[in-house]
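K.L.:
Supplied structure: run.txt, compact mmCIF, C-alpha atoms and all ligand atoms.
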```txt
# COMPACT_ATOMS: atom_id res chain seq x y z
CA MET A 1 9.58 0.98 -4.62
CA ARG A 2 7.18 0.21 -1.74
CA VAL A 3 3.67 0.29 -3.22
CA LEU A 4 0.25 0.12 -1.56
CA VAL A 5 -2.49 -1.43 -3.68
CA GLY A 6 -6.05 -0.70 -2.51
CA GLY A 7 -8.32 -3.54 -3.70
CA GLY A 8 -5.25 -5.63 -4.60
CA SER A 9 -7.24 -8.84 -3.99
CA GLY A 10 -9.61 -8.23 -6.93
CA PHE A 11 -9.50 -9.05 -10.64
CA VAL A 12 -7.35 -6.07 -11.66
CA GLY A 13 -5.53 -5.94 -8.30
CA ARG A 14 -4.24 -9.53 -8.52
CA SER A 15 -2.70 -9.02 -11.96
CA LEU A 16 -1.33 -5.65 -10.95
CA THR A 17 0.23 -7.03 -7.78
CA ARG A 18 1.87 -9.87 -9.74
CA LEU A 19 3.30 -7.44 -12.27
CA LEU A 20 4.54 -4.98 -9.63
CA ARG A 21 6.34 -7.79 -7.77
CA SER A 22 7.86 -9.11 -11.00
CA ARG A 23 9.25 -5.61 -11.61
CA GLY A 24 10.93 -5.61 -8.18
CA HIS A 25 8.43 -3.54 -6.18
CA GLN A 26 7.32 -4.43 -2.65
CA VAL A 27 3.53 -4.60 -2.46
CA THR A 28 1.20 -4.23 0.52
CA ILE A 29 -2.49 -4.74 -0.21
CA ILE A 30 -5.17 -2.62 1.45
CA SER A 31 -8.25 -4.75 2.00
CA ARG A 32 -11.38 -5.01 4.14
CA ARG A 33 -9.94 -8.22 5.57
CA PRO A 34 -6.62 -8.53 7.40
CA GLY A 35 -4.07 -11.10 6.25
CA GLN A 36 -0.47 -11.67 5.32
CA GLY A 37 0.96 -8.83 3.26
CA ARG A 38 -2.18 -6.78 3.92
CA ILE A 39 -3.39 -3.88 5.97
CA THR A 40 -7.05 -2.94 6.35
CA TRP A 41 -8.86 0.29 5.46
CA GLU A 42 -9.50 0.66 9.22
CA ASP A 43 -5.71 0.56 9.79
CA VAL A 44 -5.30 3.28 7.17
CA SER A 45 -7.84 5.53 8.93
CA SER A 46 -6.68 4.86 12.49
CA LYS A 47 -2.90 4.31 12.18
CA GLY A 48 -2.05 6.01 8.90
CA LEU A 49 0.07 4.61 6.08
CA PRO A 50 3.08 2.33 6.42
CA PRO A 51 6.28 3.69 4.81
CA CYS A 52 5.75 3.66 1.04
CA GLU A 53 6.53 5.65 -2.09
CA ALA A 54 3.37 5.08 -4.14
CA ALA A 55 -0.26 3.99 -3.81
CA ILE A 56 -2.55 2.61 -6.51
CA ASN A 57 -6.24 2.32 -5.67
CA VAL A 58 -8.22 -0.26 -7.63
CA ALA A 59 -10.87 -0.95 -4.96
CA GLY A 60 -14.59 -0.77 -5.61
CA GLU A 61 -17.73 -2.83 -5.02
CA ASN A 62 -18.75 -4.72 -8.19
CA ILE A 63 -21.57 -2.73 -9.85
CA LEU A 64 -22.87 -5.62 -11.93
CA LYS A 65 -23.43 -8.41 -9.42
CA PRO A 66 -25.97 -10.50 -11.37
CA LEU A 67 -27.74 -11.98 -8.35
CA ARG A 68 -28.07 -8.75 -6.36
CA ARG A 69 -31.01 -6.38 -6.67
CA TRP A 70 -30.10 -2.71 -7.24
CA THR A 71 -31.38 -1.43 -3.88
CA GLU A 72 -30.52 1.88 -2.20
CA GLN A 73 -28.17 -0.04 0.11
CA TYR A 74 -26.29 -1.67 -2.79
CA LYS A 75 -26.04 1.71 -4.53
CA GLN A 76 -24.57 3.29 -1.38
CA GLU A 77 -22.03 0.45 -1.11
CA VAL A 78 -20.99 1.06 -4.73
CA ILE A 79 -20.57 4.79 -4.02
CA SER A 80 -18.95 4.49 -0.60
CA SER A 81 -16.47 1.76 -1.67
CA ARG A 82 -15.12 4.26 -4.21
CA VAL A 83 -15.67 7.77 -2.85
CA ASP A 84 -15.25 7.19 0.93
CA ILE A 85 -12.45 4.64 0.51
CA THR A 86 -10.53 6.98 -1.81
CA ARG A 87 -11.06 9.88 0.57
CA SER A 88 -9.69 7.84 3.50
CA LEU A 89 -6.58 7.10 1.43
CA THR A 90 -5.99 10.73 0.43
CA LEU A 91 -6.51 11.87 4.03
CA ALA A 92 -3.92 9.35 5.21
CA ILE A 93 -1.52 10.53 2.48
CA SER A 94 -1.93 14.15 3.54
CA ARG A 95 -1.20 13.16 7.15
CA SER A 96 1.82 10.95 6.45
CA ARG A 97 5.18 12.28 7.59
CA THR A 98 7.02 11.41 4.37
CA PRO A 99 4.87 12.31 1.38
CA LEU A 100 4.24 9.71 -1.30
CA ARG A 101 5.68 10.27 -4.76
CA SER A 102 2.45 9.29 -6.46
CA LEU A 103 -1.15 8.25 -6.04
CA VAL A 104 -2.86 6.48 -8.94
CA LEU A 105 -6.63 6.04 -8.98
CA LEU A 106 -8.34 3.61 -11.36
CA THR A 107 -11.79 4.90 -12.42
CA GLY A 108 -13.76 4.47 -15.64
CA VAL A 109 -14.56 6.00 -19.03
CA GLY A 110 -18.15 6.14 -17.79
CA TYR A 111 -17.12 9.68 -16.84
CA TYR A 112 -17.81 10.76 -20.45
CA PRO A 113 -21.45 11.10 -21.58
CA PRO A 114 -22.66 8.05 -23.54
CA SER A 115 -22.76 8.84 -27.28
CA ARG A 116 -22.47 6.88 -30.52
CA THR A 117 -20.90 9.75 -32.42
CA GLN A 118 -18.96 11.99 -30.04
CA GLN A 119 -15.24 11.18 -29.67
CA TYR A 120 -13.55 11.72 -26.32
CA SER A 121 -9.98 12.34 -25.21
CA GLU A 122 -8.73 12.99 -21.68
CA ASP A 123 -9.56 16.70 -22.13
CA SER A 124 -13.24 16.12 -22.88
CA PRO A 125 -15.81 17.30 -20.38
CA GLY A 126 -18.03 14.89 -18.47
CA GLY A 127 -19.15 13.93 -15.01
CA ASP A 128 -22.82 14.88 -15.06
CA ALA A 129 -24.54 12.71 -17.68
CA ASP A 130 -25.91 9.86 -15.58
CA PHE A 131 -25.39 7.85 -12.39
CA LEU A 132 -22.09 6.40 -13.57
CA SER A 133 -20.56 9.67 -14.75
CA ARG A 134 -21.53 11.43 -11.52
CA LEU A 135 -20.03 8.53 -9.58
CA VAL A 136 -16.71 8.90 -11.44
CA ARG A 137 -16.78 12.68 -10.93
CA ASP A 138 -17.22 12.31 -7.13
CA TRP A 139 -14.72 9.43 -6.98
CA GLU A 140 -12.02 11.44 -8.74
CA ALA A 141 -12.78 14.52 -6.64
CA ALA A 142 -12.19 12.41 -3.51
CA ALA A 143 -8.66 11.67 -4.75
CA GLN A 144 -7.66 15.33 -4.56
CA ILE A 145 -5.01 15.34 -1.83
CA PRO A 146 -5.36 18.21 0.65
CA LEU A 147 -2.17 20.29 0.43
CA ALA A 148 -0.07 20.27 3.59
CA ASP A 149 2.23 23.19 4.45
CA GLY A 150 5.81 22.79 3.30
CA LYS A 151 5.46 19.18 2.11
CA PRO A 152 6.34 18.18 -1.46
CA LYS A 153 3.24 17.48 -3.52
CA THR A 154 2.13 13.92 -4.28
CA GLN A 155 1.56 13.36 -8.02
CA LEU A 156 -2.07 12.36 -8.71
CA VAL A 157 -2.86 10.30 -11.82
CA LYS A 158 -6.45 9.34 -12.61
CA VAL A 159 -6.65 6.41 -15.00
CA ARG A 160 -10.05 6.05 -16.70
CA SER A 161 -10.45 2.49 -17.90
CA GLY A 162 -12.73 0.87 -20.43
CA VAL A 163 -14.02 -2.71 -20.01
CA VAL A 164 -11.05 -4.75 -18.80
CA LEU A 165 -10.62 -7.97 -20.78
CA GLY A 166 -8.86 -10.76 -18.91
CA ARG A 167 -9.09 -14.50 -18.27
CA ASP A 168 -9.58 -14.47 -14.50
CA GLY A 169 -12.43 -12.04 -13.99
CA GLY A 170 -14.34 -9.09 -15.35
CA ALA A 171 -16.75 -9.32 -18.28
CA LEU A 172 -15.05 -11.81 -20.63
CA PRO A 173 -15.39 -15.14 -18.73
CA ALA A 174 -19.10 -14.44 -18.19
CA MET A 175 -19.59 -13.88 -21.92
CA LEU A 176 -17.72 -16.98 -23.02
CA TRP A 177 -20.20 -19.72 -22.14
CA PRO A 178 -23.14 -18.40 -24.22
CA PHE A 179 -20.78 -17.86 -27.15
CA ARG A 180 -19.35 -21.37 -26.80
CA LEU A 181 -22.91 -22.74 -26.83
CA CYS A 182 -23.63 -20.73 -30.02
CA LEU A 183 -26.04 -18.56 -27.97
CA GLY A 184 -23.96 -15.40 -28.25
CA GLY A 185 -24.89 -12.18 -30.00
CA PRO A 186 -24.77 -8.41 -29.78
CA VAL A 187 -26.27 -6.59 -26.80
CA GLY A 188 -29.25 -4.42 -27.85
CA SER A 189 -28.60 -2.88 -31.27
CA GLY A 190 -24.86 -3.62 -31.04
CA GLU A 191 -24.16 -0.11 -32.34
CA GLN A 192 -23.05 1.23 -28.96
CA PRO A 193 -19.30 1.96 -28.65
CA PHE A 194 -17.24 -0.66 -26.82
CA PRO A 195 -14.23 0.92 -25.08
CA TRP A 196 -11.96 -1.83 -23.73
CA ILE A 197 -8.38 -2.68 -22.68
CA HIS A 198 -6.44 -5.93 -22.23
CA ILE A 199 -5.66 -6.45 -18.53
CA GLU A 200 -1.94 -6.77 -19.22
CA ASP A 201 -1.87 -3.36 -20.93
CA LEU A 202 -3.85 -1.81 -18.07
CA CYS A 203 -1.45 -3.17 -15.44
CA ARG A 204 1.59 -2.13 -17.50
CA LEU A 205 0.15 1.39 -17.74
CA LEU A 206 -0.48 1.56 -13.98
CA CYS A 207 3.11 0.41 -13.34
CA GLN A 208 4.57 2.88 -15.84
CA THR A 209 2.66 5.67 -14.13
CA ILE A 210 4.37 5.16 -10.77
CA GLU A 211 7.76 4.36 -12.32
CA GLN A 212 8.12 7.48 -14.51
CA GLU A 213 10.30 10.07 -12.81
CA GLY A 214 9.15 13.66 -12.41
CA GLY A 215 5.58 13.12 -13.61
CA SER A 216 2.88 15.67 -13.03
CA ASP A 217 -0.83 15.30 -12.27
CA ALA A 218 -2.64 13.74 -15.19
CA ILE A 219 -5.70 11.98 -16.49
CA LEU A 220 -5.03 8.97 -18.72
CA ASN A 221 -7.58 7.01 -20.73
CA ALA A 222 -6.90 3.30 -20.39
CA VAL A 223 -8.51 2.04 -23.58
CA SER A 224 -7.01 0.27 -26.59
CA PRO A 225 -6.35 2.53 -29.61
CA SER A 226 -9.03 0.66 -31.59
CA SER A 227 -11.66 1.60 -28.97
CA ILE A 228 -12.35 4.79 -30.86
CA THR A 229 -14.17 2.72 -33.52
CA ASP A 230 -15.01 -0.57 -31.76
CA THR A 231 -18.67 -1.27 -31.11
CA ASN A 232 -20.47 -4.00 -29.24
CA ALA A 233 -21.22 -5.59 -32.65
CA SER A 234 -17.55 -5.56 -33.71
CA PHE A 235 -16.60 -7.10 -30.35
CA THR A 236 -19.30 -9.78 -30.85
CA GLN A 237 -17.95 -10.54 -34.32
CA ALA A 238 -14.32 -10.70 -33.14
CA LEU A 239 -15.24 -13.01 -30.24
CA SER A 240 -17.35 -15.21 -32.49
CA GLN A 241 -14.47 -15.52 -34.97
CA ALA A 242 -11.88 -16.19 -32.26
CA LEU A 243 -14.06 -18.98 -30.82
CA GLY A 244 -15.16 -20.30 -34.22
CA ARG A 245 -18.83 -20.09 -33.17
CA PRO A 246 -21.73 -18.21 -34.76
CA ALA A 247 -23.16 -15.29 -32.73
CA PHE A 248 -26.51 -14.28 -34.17
CA LEU A 249 -28.74 -14.15 -31.09
CA PRO A 250 -29.04 -10.54 -29.90
CA VAL A 251 -29.69 -9.86 -26.21
CA PRO A 252 -32.80 -7.61 -26.24
CA ALA A 253 -32.33 -4.13 -24.77
CA LEU A 254 -35.62 -4.50 -22.87
CA ALA A 255 -34.28 -7.56 -21.04
CA ILE A 256 -31.13 -5.65 -20.00
CA GLN A 257 -33.23 -2.69 -18.84
CA ALA A 258 -35.51 -4.98 -16.82
CA LEU A 259 -32.55 -6.79 -15.25
CA LEU A 260 -30.24 -3.86 -14.51
CA GLY A 261 -32.55 -0.85 -14.22
CA GLN A 262 -32.05 2.77 -15.24
CA ASP A 263 -28.77 3.41 -13.39
CA ARG A 264 -26.86 0.38 -14.68
CA SER A 265 -28.32 -0.61 -18.06
CA PRO A 266 -26.41 2.24 -19.85
CA MET A 267 -23.21 0.34 -18.97
CA LEU A 268 -24.23 -2.33 -21.49
CA LEU A 269 -26.63 -0.53 -23.82
CA GLU A 270 -24.66 2.66 -24.32
CA GLY A 271 -21.00 3.51 -24.50
CA GLN A 272 -18.34 6.09 -25.29
CA ARG A 273 -15.91 6.42 -28.21
CA VAL A 274 -12.72 7.05 -26.29
CA ALA A 275 -9.15 7.63 -27.48
CA PRO A 276 -6.06 7.06 -25.31
CA GLN A 277 -4.63 10.36 -26.56
CA ARG A 278 -2.54 11.45 -23.60
CA THR A 279 -1.72 7.84 -22.71
CA LEU A 280 0.01 7.48 -26.09
CA GLN A 281 1.74 10.85 -25.60
CA THR A 282 3.39 9.47 -22.43
CA GLY A 283 5.22 6.99 -24.71
CA PHE A 284 3.08 4.02 -23.64
CA THR A 285 2.88 1.26 -26.24
CA PHE A 286 -0.02 -1.18 -26.29
CA LEU A 287 0.79 -4.90 -26.59
CA TYR A 288 -2.84 -5.48 -27.63
CA PRO A 289 -4.02 -2.49 -29.69
CA ASP A 290 -7.03 -4.21 -31.32
CA LEU A 291 -9.65 -6.84 -30.51
CA ASN A 292 -8.16 -9.58 -32.69
CA SER A 293 -4.75 -9.48 -30.99
CA ALA A 294 -6.31 -9.24 -27.51
CA LEU A 295 -8.80 -12.07 -27.99
CA ALA A 296 -6.20 -14.28 -29.69
CA GLU A 297 -4.02 -13.97 -26.58
CA LEU A 298 -6.86 -14.32 -24.05
CA LEU A 299 -8.45 -17.37 -25.69
CA ARG A 300 -5.16 -19.15 -26.42
N1 LIG A 401 -13.19 -4.72 -14.42
C1 LIG A 401 -13.47 -3.77 -15.30
O1 LIG A 401 -13.82 -4.03 -16.47
C2 LIG A 401 -13.33 -2.31 -14.89
C3 LIG A 401 -13.48 -1.31 -15.86
C4 LIG A 401 -13.34 0.04 -15.49
C5 LIG A 401 -13.10 0.35 -14.16
N2 LIG A 401 -12.99 -0.64 -13.24
C6 LIG A 401 -12.78 -0.28 -11.83
O2 LIG A 401 -11.58 -0.87 -11.39
C7 LIG A 401 -11.72 -1.26 -10.02
C8 LIG A 401 -11.29 -2.72 -9.90
O3 LIG A 401 -12.14 -3.53 -10.70
P1 LIG A 401 -12.11 -5.11 -10.55
O4 LIG A 401 -12.78 -5.66 -11.74
O5 LIG A 401 -10.74 -5.59 -10.18
O6 LIG A 401 -13.05 -5.31 -9.27
P2 LIG A 401 -13.16 -6.55 -8.25
O7 LIG A 401 -12.57 -7.80 -8.80
O8 LIG A 401 -14.60 -6.62 -7.84
O9 LIG A 401 -12.21 -6.14 -7.05
C9 LIG A 401 -12.22 -4.92 -6.43
C10 LIG A 401 -11.69 -5.03 -5.01
O10 LIG A 401 -12.29 -3.95 -4.31
C11 LIG A 401 -12.52 -4.33 -2.96
N3 LIG A 401 -13.93 -4.06 -2.61
C12 LIG A 401 -15.04 -4.66 -3.13
N4 LIG A 401 -16.13 -4.19 -2.52
C13 LIG A 401 -15.71 -3.29 -1.60
C14 LIG A 401 -16.36 -2.49 -0.64
N5 LIG A 401 -17.71 -2.54 -0.51
N6 LIG A 401 -15.61 -1.68 0.15
C15 LIG A 401 -14.26 -1.66 0.03
N7 LIG A 401 -13.57 -2.40 -0.86
C16 LIG A 401 -14.29 -3.21 -1.65
C17 LIG A 401 -12.28 -5.81 -2.83
O11 LIG A 401 -11.11 -6.02 -2.02
P3 LIG A 401 -11.20 -6.69 -0.54
O12 LIG A 401 -12.24 -7.76 -0.62
O13 LIG A 401 -9.82 -7.23 -0.35
O14 LIG A 401 -11.55 -5.60 0.39
C18 LIG A 401 -12.08 -6.29 -4.25
O15 LIG A 401 -11.08 -7.28 -4.36
C19 LIG A 401 -13.17 -0.98 -9.62
O16 LIG A 401 -13.25 0.22 -8.93
C20 LIG A 401 -13.87 -0.86 -10.95
O17 LIG A 401 -14.99 0.03 -10.90
C21 LIG A 401 -13.09 -1.96 -13.57
```
Could you render the structure from this file as structure tokens?
Ligand SMILES: NC(=O)c1ccc[n+]([C@@H]2O[C@H](COP(=O)([O-])OP(=O)(O)OC[C@H]3O[C@@H](n4cnc5c(N)ncnc54)[C@H](OP(=O)(O)O)[C@@H]3O)[C@@H](O)[C@H]2O)c1

P.N.:
Amino acid sequence: MRVLVGGGSGFVGRSLTRLLRSRGHQVTIISRRPGQGRITWEDVSSKGLPPCEAAINVAGENILKPLRRWTEQYKQEVISSRVDITRSLTLAISRSRTPLRSLVLLTGVGYYPPSRTQQYSEDSPGGDADFLSRLVRDWEAAAQIPLADGKPKTQLVKVRSGVVLGRDGGALPAMLWPFRLCLGGPVGSGEQPFPWIHIEDLCRLLCQTIEQEGGSDAILNAVSPSSITDTNASFTQALSQALGRPAFLPVPALAIQALLGQDRSPMLLEGQRVAPQRTLQTGFTFLYPDLNSALAELLR
């Protein structure tokens, strides 16, 4: 299959691109910068899409850049790199002569309202609790492909991911050094849910989604099965055990609030208990269903 990967140069995109190629697909990356094997978002808007059967969009400005202040401009970049970029892709899909079989959009479980007790599946309501949930709502709405007369419909799958655990990016490498120095500990109370997925499982799920024949529109939660009970404290304990280091120094909630502000601190201080209910119903099997198996592999 010929597959376009928006944001294919990033942490998730690099792993996804490798996996797609290893499964025999031809990948073209959509990026802000031109290069070999790439087209730019400007190309997509001005020239349309190259011939392809599927597109997977994993682009988005990093929300948690530690050295950048959360200004109005940064916030707009975070929104625009998701909502406007996704809209430009769906517009190009609706204009393309041969319709794509499928479009897959990677968003986040931040769609569901933060809660320590409520359990969420793909059918649960959300999208208006806070900055993050409204962002996911608008981002997913931008993926709705305008229907064109007489053309077969493109399947739209929205994949809502938890924290992606991998070696080459995302949250885990940043957490490792304090833990290795015995300075690790839970964030805030540690009681907040910790929905997560191993990067290999996430990329396998994204691949399966475009490879399954005759699929229909869907929302899939990309979280490990154990995410329904995992908390920040259980993650801290599992990481501490895997590294053989104590982790007793909590990161105070006030420090996180001061550093990240009202829009972003819920990403670390709150969370959602999420189940991959429909994901499992598609027949998907997780290679890393719990924290111990995932961390054992990632810290090998
Ligand atoms: N990592 C996680 O734990 C996690 C969890 C849930 C959801 N997600 C979502 O999954 C997506 C991928 O995450 P990631 O960790 O792989 O992110 P990443 O490493 O920061 O990469 C994302 C890619 O998006 C493109 N991008 C960045 N800023 C952009 C901007 N202002 N305008 C247009 N494109 C921009 C970049 O590609 P170019 O430089 O080539 O343009 C970049 O390589 C994001 O949307 C993220 O919100 C991630």

K.L.:
For Phe179 of chain A, which residue among A:Ile210, A:Leu239, A:Leu205, A:Ala255 is the nearest when counting all atoms listed in the file?

P.N.:
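Smallest distance to Phe179 of chain A is found for A:Leu239.
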
K.L.:
Could you tell me how far atom CA of Arg38 of chain A lies from atom CA of Pro50 of chain A, in Å and to one decimal?

P.N.:
10.8 Å

K.L.:
As a ChimeraX atom specification, please: the residues near segment 170-174 of chain A (cut-off 12 Å, all atoms listed in the file, same-chain neighbours under 3 positions excluded).

P.N.:
/A:10-13,62-66,162-167,177-180,184,196-199,235-236,239,267-268,294-295,298-299

K.L.:
Which of these residues is nearest to ligand LIG 401 (chain A), using all atoms listed in the file: A:Ala238, A:Ala92, A:Leu259, A:Leu106?

P.N.:
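Checking each candidate against ligand LIG 401 (chain A), we get A:Leu106 as the closest.
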
K.L.:
As an exercise, work out the distance from atom C4 of ligand LIG 401 (chain A) to atom CA of Gln155 of chain A in Å and give it to one decimal place.

P.N.:
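Between atom C4 of ligand LIG 401 (chain A) and atom CA of Gln155 of chain A the gap is 21.3 Å.
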
K.L.:
By how many Å are atom CA of Val27 of chain A and atom N4 of ligand LIG 401 (chain A) apart?

P.N.:
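These atoms are spaced 19.7 Å apart.
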
K.L.:
Which residues, protein or nucleic acid, reach to within 12 Å of (-6.3, -0.7, 7.0) in the file's coordinates when using all atoms listed in the file, and can you give that as a CSV table (one decimal) with C-alpha atoms, keeping the file's coordinate frame?

P.N.:
```csv
chain,number,residue,atom,x,y,z
A,4,LEU,CA,0.2,0.1,-1.6
A,5,VAL,CA,-2.5,-1.4,-3.7
A,6,GLY,CA,-6.0,-0.7,-2.5
A,7,GLY,CA,-8.3,-3.5,-3.7
A,28,THR,CA,1.2,-4.2,0.5
A,29,ILE,CA,-2.5,-4.7,-0.2
A,30,ILE,CA,-5.2,-2.6,1.4
A,31,SER,CA,-8.2,-4.8,2.0
A,32,ARG,CA,-11.4,-5.0,4.1
A,33,ARG,CA,-9.9,-8.2,5.6
A,34,PRO,CA,-6.6,-8.5,7.4
A,35,GLY,CA,-4.1,-11.1,6.2
A,37,GLY,CA,1.0,-8.8,3.3
A,38,ARG,CA,-2.2,-6.8,3.9
A,39,ILE,CA,-3.4,-3.9,6.0
A,40,THR,CA,-7.0,-2.9,6.4
A,41,TRP,CA,-8.9,0.3,5.5
A,42,GLU,CA,-9.5,0.7,9.2
A,43,ASP,CA,-5.7,0.6,9.8
A,44,VAL,CA,-5.3,3.3,7.2
A,45,SER,CA,-7.8,5.5,8.9
A,46,SER,CA,-6.7,4.9,12.5
A,47,LYS,CA,-2.9,4.3,12.2
A,48,GLY,CA,-2.0,6.0,8.9
A,49,LEU,CA,0.1,4.6,6.1
A,50,PRO,CA,3.1,2.3,6.4
A,85,ILE,CA,-12.4,4.6,0.5
A,88,SER,CA,-9.7,7.8,3.5
A,89,LEU,CA,-6.6,7.1,1.4
A,92,ALA,CA,-3.9,9.4,5.2
```

K.L.:
Could you model N, CA, C and O atoms for segment 24-35 of chain A and present them as a short mmCIF file (atom, residue, chain, number, x, y, z; two decimals), in the coordinates of the input?

P.N.:
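Result written to part01.cif:
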```
data_model
loop_
_atom_site.label_atom_id
_atom_site.label_comp_id
_atom_site.auth_asym_id
_atom_site.auth_seq_id
_atom_site.Cartn_x
_atom_site.Cartn_y
_atom_site.Cartn_z
N GLY A 24 10.05 -5.90 -9.32
CA GLY A 24 10.93 -5.61 -8.18
C GLY A 24 10.34 -4.72 -7.11
O GLY A 24 11.04 -4.32 -6.18
N HIS A 25 9.05 -4.40 -7.20
CA HIS A 25 8.43 -3.54 -6.18
C HIS A 25 7.94 -4.40 -5.00
O HIS A 25 7.60 -5.57 -5.18
N GLN A 26 7.88 -3.76 -3.83
CA GLN A 26 7.32 -4.43 -2.65
C GLN A 26 5.87 -3.99 -2.51
O GLN A 26 5.61 -2.79 -2.43
N VAL A 27 4.96 -4.96 -2.46
CA VAL A 27 3.53 -4.60 -2.46
C VAL A 27 2.88 -4.92 -1.13
O VAL A 27 3.07 -6.00 -0.58
N THR A 28 2.09 -3.97 -0.61
CA THR A 28 1.20 -4.23 0.52
C THR A 28 -0.22 -3.93 0.03
O THR A 28 -0.47 -2.88 -0.55
N ILE A 29 -1.11 -4.90 0.26
CA ILE A 29 -2.49 -4.74 -0.21
C ILE A 29 -3.32 -4.07 0.89
O ILE A 29 -3.16 -4.38 2.07
N ILE A 30 -4.18 -3.15 0.49
CA ILE A 30 -5.17 -2.62 1.45
C ILE A 30 -6.49 -3.31 1.13
O ILE A 30 -6.95 -3.31 -0.02
N SER A 31 -7.08 -3.91 2.19
CA SER A 31 -8.25 -4.75 2.00
C SER A 31 -9.23 -4.52 3.14
O SER A 31 -8.89 -3.90 4.15
N ARG A 32 -10.45 -5.06 3.00
CA ARG A 32 -11.38 -5.01 4.14
C ARG A 32 -11.00 -6.08 5.16
O ARG A 32 -11.36 -5.99 6.32
N ARG A 33 -10.30 -7.10 4.68
CA ARG A 33 -9.94 -8.22 5.57
C ARG A 33 -8.44 -8.23 5.85
O ARG A 33 -7.65 -8.06 4.90
N PRO A 34 -8.05 -8.46 7.13
CA PRO A 34 -6.62 -8.53 7.40
C PRO A 34 -6.03 -9.83 6.85
O PRO A 34 -6.75 -10.76 6.54
N GLY A 35 -4.72 -9.89 6.74
CA GLY A 35 -4.07 -11.10 6.25
C GLY A 35 -2.61 -10.80 6.02
O GLY A 35 -2.15 -9.67 6.19
#
```
